[in-house]
$ cat final_19.txt   # compact mmCIF, C-alpha atoms and all ligand atoms
# COMPACT_ATOMS: atom_id res chain seq x y z
CA MET A 1393 30.84 10.59 21.75
CA LYS A 1394 29.32 7.14 22.03
CA TYR A 1395 29.30 4.52 19.30
CA ILE A 1396 27.73 1.07 19.25
CA ILE A 1397 29.19 -1.58 16.97
CA GLY A 1398 27.39 -4.84 16.14
CA ILE A 1399 29.44 -7.97 15.42
CA GLY A 1400 26.85 -10.43 14.20
CA GLY A 1401 27.20 -13.58 12.20
CA VAL A 1402 26.85 -17.28 11.88
CA THR A 1403 27.67 -19.58 14.79
CA ASN A 1404 31.44 -20.23 14.92
CA GLY A 1405 32.07 -17.54 12.31
CA GLY A 1406 34.65 -15.88 14.56
CA LYS A 1407 32.58 -13.19 16.32
CA THR A 1408 34.09 -13.73 19.78
CA THR A 1409 37.62 -13.98 18.40
CA LEU A 1410 37.25 -10.67 16.56
CA THR A 1411 35.49 -8.97 19.49
CA ASN A 1412 38.19 -10.00 21.95
CA ARG A 1413 40.89 -8.48 19.77
CA LEU A 1414 38.97 -5.25 19.25
CA ILE A 1415 38.28 -4.67 22.94
CA LYS A 1416 41.99 -5.06 23.68
CA ALA A 1417 42.95 -2.53 21.00
CA ILE A 1418 40.30 0.17 21.48
CA SER A 1419 40.26 2.46 24.51
CA ASN A 1420 37.08 2.80 26.59
CA CYS A 1421 35.53 -0.20 24.87
CA CYS A 1422 32.92 -2.39 26.56
CA VAL A 1423 31.20 -5.51 25.29
CA VAL A 1424 27.81 -7.17 25.52
CA HIS A 1425 27.69 -10.87 24.55
CA GLN A 1426 24.27 -12.00 23.34
CA ASP A 1427 25.08 -15.55 24.51
CA ASP A 1428 24.91 -14.27 28.09
CA PHE A 1429 21.17 -13.72 27.61
CA PHE A 1430 20.12 -17.29 26.84
CA LYS A 1431 17.14 -18.32 28.94
CA VAL A 1432 17.24 -21.95 27.80
CA ASN A 1433 17.72 -24.84 30.22
CA PHE A 1434 21.11 -26.16 29.09
CA THR A 1435 21.01 -29.24 31.31
CA ILE A 1436 18.75 -31.00 28.79
CA PRO A 1437 20.45 -32.01 25.50
CA PRO A 1438 18.59 -30.35 22.62
CA ASN A 1439 16.48 -32.54 20.36
CA PRO A 1440 17.45 -31.91 16.69
CA PHE A 1441 13.82 -32.06 15.59
CA THR A 1442 12.05 -30.03 18.28
CA CYS A 1443 14.94 -27.74 19.19
CA SER A 1444 14.25 -24.08 19.84
CA LEU A 1445 17.80 -23.03 20.70
CA CYS A 1446 18.77 -20.88 17.72
CA VAL A 1447 15.70 -18.63 17.80
CA ILE A 1448 15.15 -15.17 19.21
CA THR A 1449 12.72 -16.43 21.87
CA ALA A 1450 15.52 -18.50 23.42
CA LEU A 1451 17.15 -15.19 24.38
CA ASP A 1452 16.08 -12.48 26.79
CA MET A 1453 16.28 -9.71 24.21
CA GLU A 1454 14.53 -7.19 26.42
CA ALA A 1455 17.32 -7.59 28.95
CA THR A 1456 19.88 -7.21 26.15
CA VAL A 1457 18.30 -3.90 25.10
CA ASN A 1458 18.18 -2.72 28.72
CA THR A 1459 21.87 -3.53 29.12
CA VAL A 1460 22.68 -1.49 26.02
CA LYS A 1461 20.55 1.38 27.37
CA GLY A 1462 22.45 1.17 30.66
CA TRP A 1463 25.71 1.66 28.77
CA ILE A 1464 24.27 4.61 26.81
CA GLU A 1465 23.11 6.25 30.04
CA ASN A 1466 26.53 6.10 31.66
CA PRO A 1467 29.38 4.38 29.77
CA VAL A 1468 31.93 5.22 32.45
CA LYS A 1469 29.85 3.61 35.20
CA PHE A 1470 29.15 0.64 32.91
CA ALA A 1471 32.86 0.23 32.16
CA ARG A 1472 33.82 0.37 35.82
CA SER A 1473 31.18 -2.14 36.83
CA HIS A 1474 32.39 -4.51 34.08
CA GLY A 1475 36.07 -4.21 34.98
CA VAL A 1476 36.98 -2.08 31.95
CA GLN A 1477 39.55 0.63 32.56
CA VAL A 1478 38.58 4.07 31.27
CA THR A 1479 41.10 6.67 30.21
CA PRO A 1480 41.14 9.38 32.86
CA ALA A 1481 39.43 12.59 31.78
CA THR A 1482 41.16 15.77 32.91
CA GLU A 1483 39.22 18.71 34.29
CA MET A 1484 39.82 20.51 31.00
CA ASP A 1485 38.18 17.74 28.99
CA ASP A 1486 34.74 18.21 27.61
CA PRO A 1487 32.97 14.96 28.63
CA GLU A 1488 31.39 14.84 25.16
CA SER A 1489 34.81 14.75 23.49
CA GLN A 1490 35.72 11.44 25.13
CA VAL A 1491 34.97 8.49 22.87
CA HIS A 1492 33.24 5.42 24.29
CA ILE A 1493 32.55 2.30 22.27
CA LEU A 1494 30.21 -0.59 22.96
CA ILE A 1495 30.52 -3.81 20.97
CA VAL A 1496 27.41 -6.00 20.91
CA GLU A 1497 28.31 -9.49 19.71
CA GLY A 1498 25.99 -12.34 18.83
CA PHE A 1499 24.43 -14.70 16.30
CA LEU A 1500 20.97 -13.03 16.23
CA LEU A 1501 21.78 -9.34 16.51
CA TYR A 1502 19.83 -8.02 13.57
CA ASN A 1503 16.64 -10.03 14.05
CA TYR A 1504 15.18 -8.04 16.94
CA LYS A 1505 13.75 -4.70 15.89
CA PRO A 1506 14.10 -2.78 19.20
CA LEU A 1507 17.88 -3.34 19.09
CA LEU A 1508 18.44 -2.09 15.54
CA GLU A 1509 18.21 1.64 16.22
CA PHE A 1510 21.31 1.53 18.43
CA PHE A 1511 23.89 0.36 15.89
CA ASP A 1512 26.33 2.85 14.37
CA LYS A 1513 28.13 0.01 12.55
CA SER A 1514 26.73 -3.42 11.74
CA TYR A 1515 29.18 -6.16 10.79
CA TYR A 1516 28.18 -9.71 9.92
CA ILE A 1517 30.62 -12.63 9.61
CA THR A 1518 29.80 -15.46 7.24
CA ILE A 1519 31.42 -18.84 6.57
CA PRO A 1520 30.21 -21.62 4.26
CA TYR A 1521 28.30 -24.70 5.46
CA GLU A 1522 31.25 -27.14 5.47
CA GLU A 1523 33.54 -24.83 7.46
CA CYS A 1524 30.77 -23.98 9.91
CA LYS A 1525 29.92 -27.64 10.50
CA LEU A 1526 33.59 -28.47 11.01
CA ARG A 1527 34.21 -25.64 13.49
CA ARG A 1528 30.98 -26.36 15.39
CA SER A 1529 31.88 -30.07 15.69
CA THR A 1530 34.98 -29.20 17.72
CA ARG A 1531 33.36 -26.48 19.87
CA GLN A 1532 32.77 -27.21 23.56
CA TYR A 1533 29.33 -25.91 24.51
CA THR A 1534 27.79 -26.45 27.97
CA VAL A 1535 25.74 -29.27 26.46
CA PRO A 1536 27.37 -30.90 23.39
CA ASP A 1537 25.35 -30.84 20.17
CA PRO A 1538 23.61 -34.22 19.68
CA PRO A 1539 24.04 -35.86 16.24
CA GLY A 1540 21.80 -34.19 13.67
CA LEU A 1541 21.43 -30.85 15.49
CA PHE A 1542 23.56 -28.94 13.03
CA ASP A 1543 21.74 -30.11 9.90
CA GLY A 1544 18.32 -30.36 11.52
CA HIS A 1545 18.26 -27.07 13.38
CA VAL A 1546 21.41 -24.89 13.55
CA TRP A 1547 22.11 -24.43 9.82
CA PRO A 1548 18.45 -24.12 8.64
CA MET A 1549 17.80 -21.54 11.37
CA TYR A 1550 20.90 -19.61 10.32
CA LEU A 1551 19.69 -19.49 6.70
CA LYS A 1552 16.22 -18.36 7.80
CA HIS A 1553 17.49 -15.63 10.10
CA ARG A 1554 20.02 -14.40 7.59
CA ASN A 1555 17.28 -14.10 5.00
CA ASP A 1556 14.99 -12.26 7.45
CA MET A 1557 17.84 -9.98 8.47
CA GLU A 1558 18.46 -8.78 4.94
CA ASN A 1559 15.24 -6.74 5.18
CA CYS A 1560 16.11 -5.15 8.53
CA GLY A 1561 17.07 -1.84 6.93
CA LEU A 1562 20.57 -1.60 8.40
CA PRO A 1563 23.59 -1.16 6.13
CA ILE A 1564 25.13 -4.51 7.03
CA GLU A 1565 28.83 -4.93 6.26
CA TYR A 1566 29.61 -8.56 5.49
CA LEU A 1567 32.94 -10.05 6.57
CA ASP A 1568 34.43 -13.15 5.01
CA GLY A 1569 35.07 -15.47 7.98
CA LEU A 1570 37.40 -17.62 5.83
CA LYS A 1571 40.00 -14.89 5.89
CA THR A 1572 42.64 -15.20 8.60
CA LYS A 1573 41.93 -13.85 12.07
CA ASP A 1574 44.51 -11.11 11.45
CA GLU A 1575 42.99 -10.09 8.14
CA ILE A 1576 39.49 -9.80 9.60
CA TYR A 1577 40.72 -7.89 12.61
CA ASN A 1578 42.77 -5.45 10.52
CA GLN A 1579 39.87 -4.87 8.13
CA VAL A 1580 37.43 -4.04 10.93
CA TYR A 1581 39.89 -2.06 13.05
CA GLU A 1582 40.78 0.14 10.09
CA ASP A 1583 37.16 0.59 9.12
CA ILE A 1584 36.20 1.62 12.66
CA HIS A 1585 39.03 4.13 12.68
CA ASN A 1586 38.23 5.56 9.28
CA THR A 1587 34.48 5.82 9.75
CA LEU A 1588 33.96 6.48 13.46
CA LEU A 1589 37.09 7.50 15.31
CA ASN A 1590 38.55 9.83 12.68
CA ARG A 1591 35.31 11.82 12.62
CA LEU A 1592 36.48 13.72 15.68
N1 LIG A 1601 39.34 -16.35 10.84
C1 LIG A 1601 39.35 -17.56 11.39
N2 LIG A 1601 39.94 -18.58 10.75
C2 LIG A 1601 39.94 -19.84 11.28
N3 LIG A 1601 39.36 -20.17 12.45
C3 LIG A 1601 38.75 -19.19 13.14
C4 LIG A 1601 38.70 -17.83 12.66
N4 LIG A 1601 38.04 -17.09 13.56
C5 LIG A 1601 37.68 -17.92 14.56
N5 LIG A 1601 38.13 -19.17 14.32
C6 LIG A 1601 37.94 -20.36 15.17
O1 LIG A 1601 36.56 -20.76 15.06
C7 LIG A 1601 36.08 -21.18 16.32
C8 LIG A 1601 34.88 -20.33 16.73
O2 LIG A 1601 35.34 -19.00 16.92
P1 LIG A 1601 34.51 -17.98 17.77
O3 LIG A 1601 35.22 -16.67 17.71
O4 LIG A 1601 34.24 -18.54 19.13
O5 LIG A 1601 33.16 -17.92 16.94
P2 LIG A 1601 31.70 -17.35 17.29
O6 LIG A 1601 31.87 -16.42 18.46
O7 LIG A 1601 31.27 -16.64 16.05
O8 LIG A 1601 30.84 -18.53 17.58
C9 LIG A 1601 37.24 -21.08 17.30
O9 LIG A 1601 37.88 -22.34 17.34
C10 LIG A 1601 38.17 -20.07 16.63
O10 LIG A 1601 39.52 -20.23 16.98
N1 LIG A 1602 24.49 -26.26 23.93
C1 LIG A 1602 24.88 -25.25 24.67
O1 LIG A 1602 25.27 -25.42 25.77
C2 LIG A 1602 24.79 -23.88 24.12
C3 LIG A 1602 24.83 -22.81 24.96
C4 LIG A 1602 24.77 -21.53 24.41
C5 LIG A 1602 24.69 -21.39 23.04
N2 LIG A 1602 24.64 -22.47 22.26
C6 LIG A 1602 24.62 -22.31 20.80
O2 LIG A 1602 25.43 -21.21 20.56
C7 LIG A 1602 25.08 -20.66 19.32
C8 LIG A 1602 25.28 -19.19 19.38
O3 LIG A 1602 26.53 -18.87 19.90
P1 LIG A 1602 27.84 -18.81 18.97
O4 LIG A 1602 27.51 -17.87 17.88
O5 LIG A 1602 28.87 -18.29 19.93
O6 LIG A 1602 28.13 -20.19 18.51
C9 LIG A 1602 23.68 -21.13 19.02
O7 LIG A 1602 23.76 -21.85 17.82
C10 LIG A 1602 23.32 -22.06 20.17
O8 LIG A 1602 22.87 -23.28 19.67
C11 LIG A 1602 24.72 -23.70 22.76
$ encode --input "final_19.txt" --output "structure tokens"
Amino acid sequence: MKYIIGIGGVTNGGKTTLTNRLIKAISNCCVVHQDDFFKVNFTIPPNPFTCSLCVITALDMEATVNTVKGWIENPVKFARSHGVQVTPATEMDDPESQVHILIVEGFLLYNYKPLLEFFDKSYYITIPYEECKLRRSTRQYTVPDPPGLFDGHVWPMYLKHRNDMENCGLPIEYLDGLKTKDEIYNQVYEDIHNTLLNRL
């Protein structure tokens, strides 16, 4: 069995934090980080007024989809090539009975149609404006945000994409990013167990 879980959400909502805890706790679990598919030149500081950083065209989404397809084709090979240990299958095991999970994590997961069909679960972390601005102001990106980027580009783009996403047709499960890291992790871990892993 193969399941793909989306952890989407606002920048600095806690996607990476949650993902890192889940991959440690779940066996045979690989991850794809959308941030690894940026095709933007990060040596130039973004201009708050002409910035095109937080948009889908800043990302190589085709490559993201191909990476997901690579995992679907052979999760064991994918795991090995990404340094993830897989539980050894015995000769008696039916290969289909082994569970493999892929987490796809990123801020624009549900805004690219060709990716949508792959998700078995679609989580989305939200935090309010003030908290997001505060967390982003202390985050160390390759190129620091220039003054005005958050209000001029990052937050308006988030609102636009979130609005667009609501019509994507997926049953999105919203997570309150103001809860503690433990609370969010426990909520998602239990939900994954109850809805996916206990199906077997
Ligand atoms: N539930 C939480 N409560 C408070 N701070 C959090 C929580 N989750 C994450 N953080 C903090 O917010 C910042 C961004 O977290 P991160 O997981 O990198 O977010 P994202 O991947 O969504 O951009 C980090 O400093 C992290 O420690
Ligand atoms: N300035 C940089 O070096 C840089 C690099 C990669 C992503 N980003 C930002 O990261 C955000 C998405 O990633 P997070 O959801 O992990 O914050 C986007 O808002 C984008 O602006 C910035």
$ residues_near_ligand --input "final_19.txt" --ligand "ligand LIG 1601 (chain A)" --cutoff "6 Å" --atoms "only C-alpha atoms and all ligand atoms" --output "list in words"
Thr1403, Asn1404, Gly1405, Gly1406, Lys1407, Thr1408, Thr1409, Arg1527, Gly1569, Leu1570, Lys1571, Thr1572 and Lys1573 of chain A
$ write_last_selection --input "final_19.txt" --atoms "C-alpha atoms" --output "tab-separated table (two decimals), in the coordinates of the input"
chain	number	residue	atom	x	y	z
A	1403	THR	CA	27.67	-19.58	14.79
A	1404	ASN	CA	31.44	-20.23	14.92
A	1405	GLY	CA	32.07	-17.54	12.31
A	1406	GLY	CA	34.65	-15.88	14.56
A	1407	LYS	CA	32.58	-13.19	16.32
A	1408	THR	CA	34.09	-13.73	19.78
A	1409	THR	CA	37.62	-13.98	18.40
A	1527	ARG	CA	34.21	-25.64	13.49
A	1569	GLY	CA	35.07	-15.47	7.98
A	1570	LEU	CA	37.40	-17.62	5.83
A	1571	LYS	CA	40.00	-14.89	5.89
A	1572	THR	CA	42.64	-15.20	8.60
A	1573	LYS	CA	41.93	-13.85	12.07
$ residues_around --input "final_19.txt" --residues "Tyr1533 (chain A)" --least-positions-apart "5" --cutoff "12 Å" --atoms "all atoms listed in the file" --output "list in words"
Thr1403, Asn1404, Asp1427, Phe1434, Thr1435, Pro1437, Pro1438, Arg1528 and Pro1538 of chain A
$ residues_around --input "final_19.txt" --residues "region 1558-1563 of chain A" --least-positions-apart "2" --cutoff "7 Å" --atoms "all atoms listed in the file" --output "ChimeraX atom specification"
/A:1502,1514,1554-1556,1565
$ residues_around --input "final_19.txt" --residues "region 1446-1453 of chain A" --least-positions-apart "3" --cutoff "9 Å" --atoms "all atoms listed in the file" --output "PyMOL selection string"
chain A and resi 1426-1432+1443+1456-1458+1499-1500+1503-1504+1506-1507+1545-1546+1549-1550+1553
$ closest_residue --input "final_19.txt" --among "A:Ile1436, A:Leu1551, A:Leu1588, A:Ala1417" --to "ligand LIG 1602 (chain A)" --atoms "all atoms listed in the file"
A:Ile1436
$ residues_around --input "final_19.txt" --residues "Val1496 (chain A)" --least-positions-apart "6" --cutoff "9 Å" --atoms "only C-alpha atoms" --output "JSON, numbers by chain"
{"A": [1396, 1397, 1398, 1399, 1400, 1411, 1422, 1423, 1424, 1425, 1426, 1460, 1511]}
$ residues_near_point --input "final_19.txt" --point "(16.6, -34.9, 18.1)" --cutoff "8 Å" --atoms "only C-alpha atoms" --output "PyMOL selection string"
chain A and resi 1438-1443+1538-1541
$ atom_distance --input "final_19.txt" --atom1 "CA of His1585 (chain A)" --atom2 "CA of Pro1520 (chain A)"
28.5 Å
$ closest_residue --input "final_19.txt" --among "A:Ser1444, A:Asn1586, A:Thr1459, A:Gln1579" --to "ligand LIG 1602 (chain A)" --atoms "all atoms listed in the file"
A:Ser1444
$ closest_residue --input "final_19.txt" --among "A:Leu1445, A:Val1476, A:Cys1524, A:Ile1517" --to "ligand LIG 1602 (chain A)" --atoms "all atoms listed in the file"
A:Leu1445
$ atom_distance --input "final_19.txt" --atom1 "CA of Glu1454 (chain A)" --atom2 "CA of Leu1508 (chain A)"
12.6 Å
$ closest_residue --input "final_19.txt" --among "A:Glu1497, A:Leu1526, A:Asp1543, A:Phe1510" --to "Leu1414 (chain A)" --atoms "all atoms listed in the file"
A:Glu1497
$ closest_residue --input "final_19.txt" --among "A:Ser1473, A:Asn1466, A:Asn1578, A:Asn1433" --to "ligand LIG 1602 (chain A)" --atoms "all atoms listed in the file"
A:Asn1433
$ closest_residue --input "final_19.txt" --among "A:Ile1495, A:Met1393, A:Ala1455, A:Val1402" --to "Cys1421 (chain A)" --atoms "only C-alpha atoms"
A:Ile1495
$ atom_distance --input "final_19.txt" --atom1 "CA of Lys1416 (chain A)" --atom2 "CA of Glu1523 (chain A)"
26.9 Å
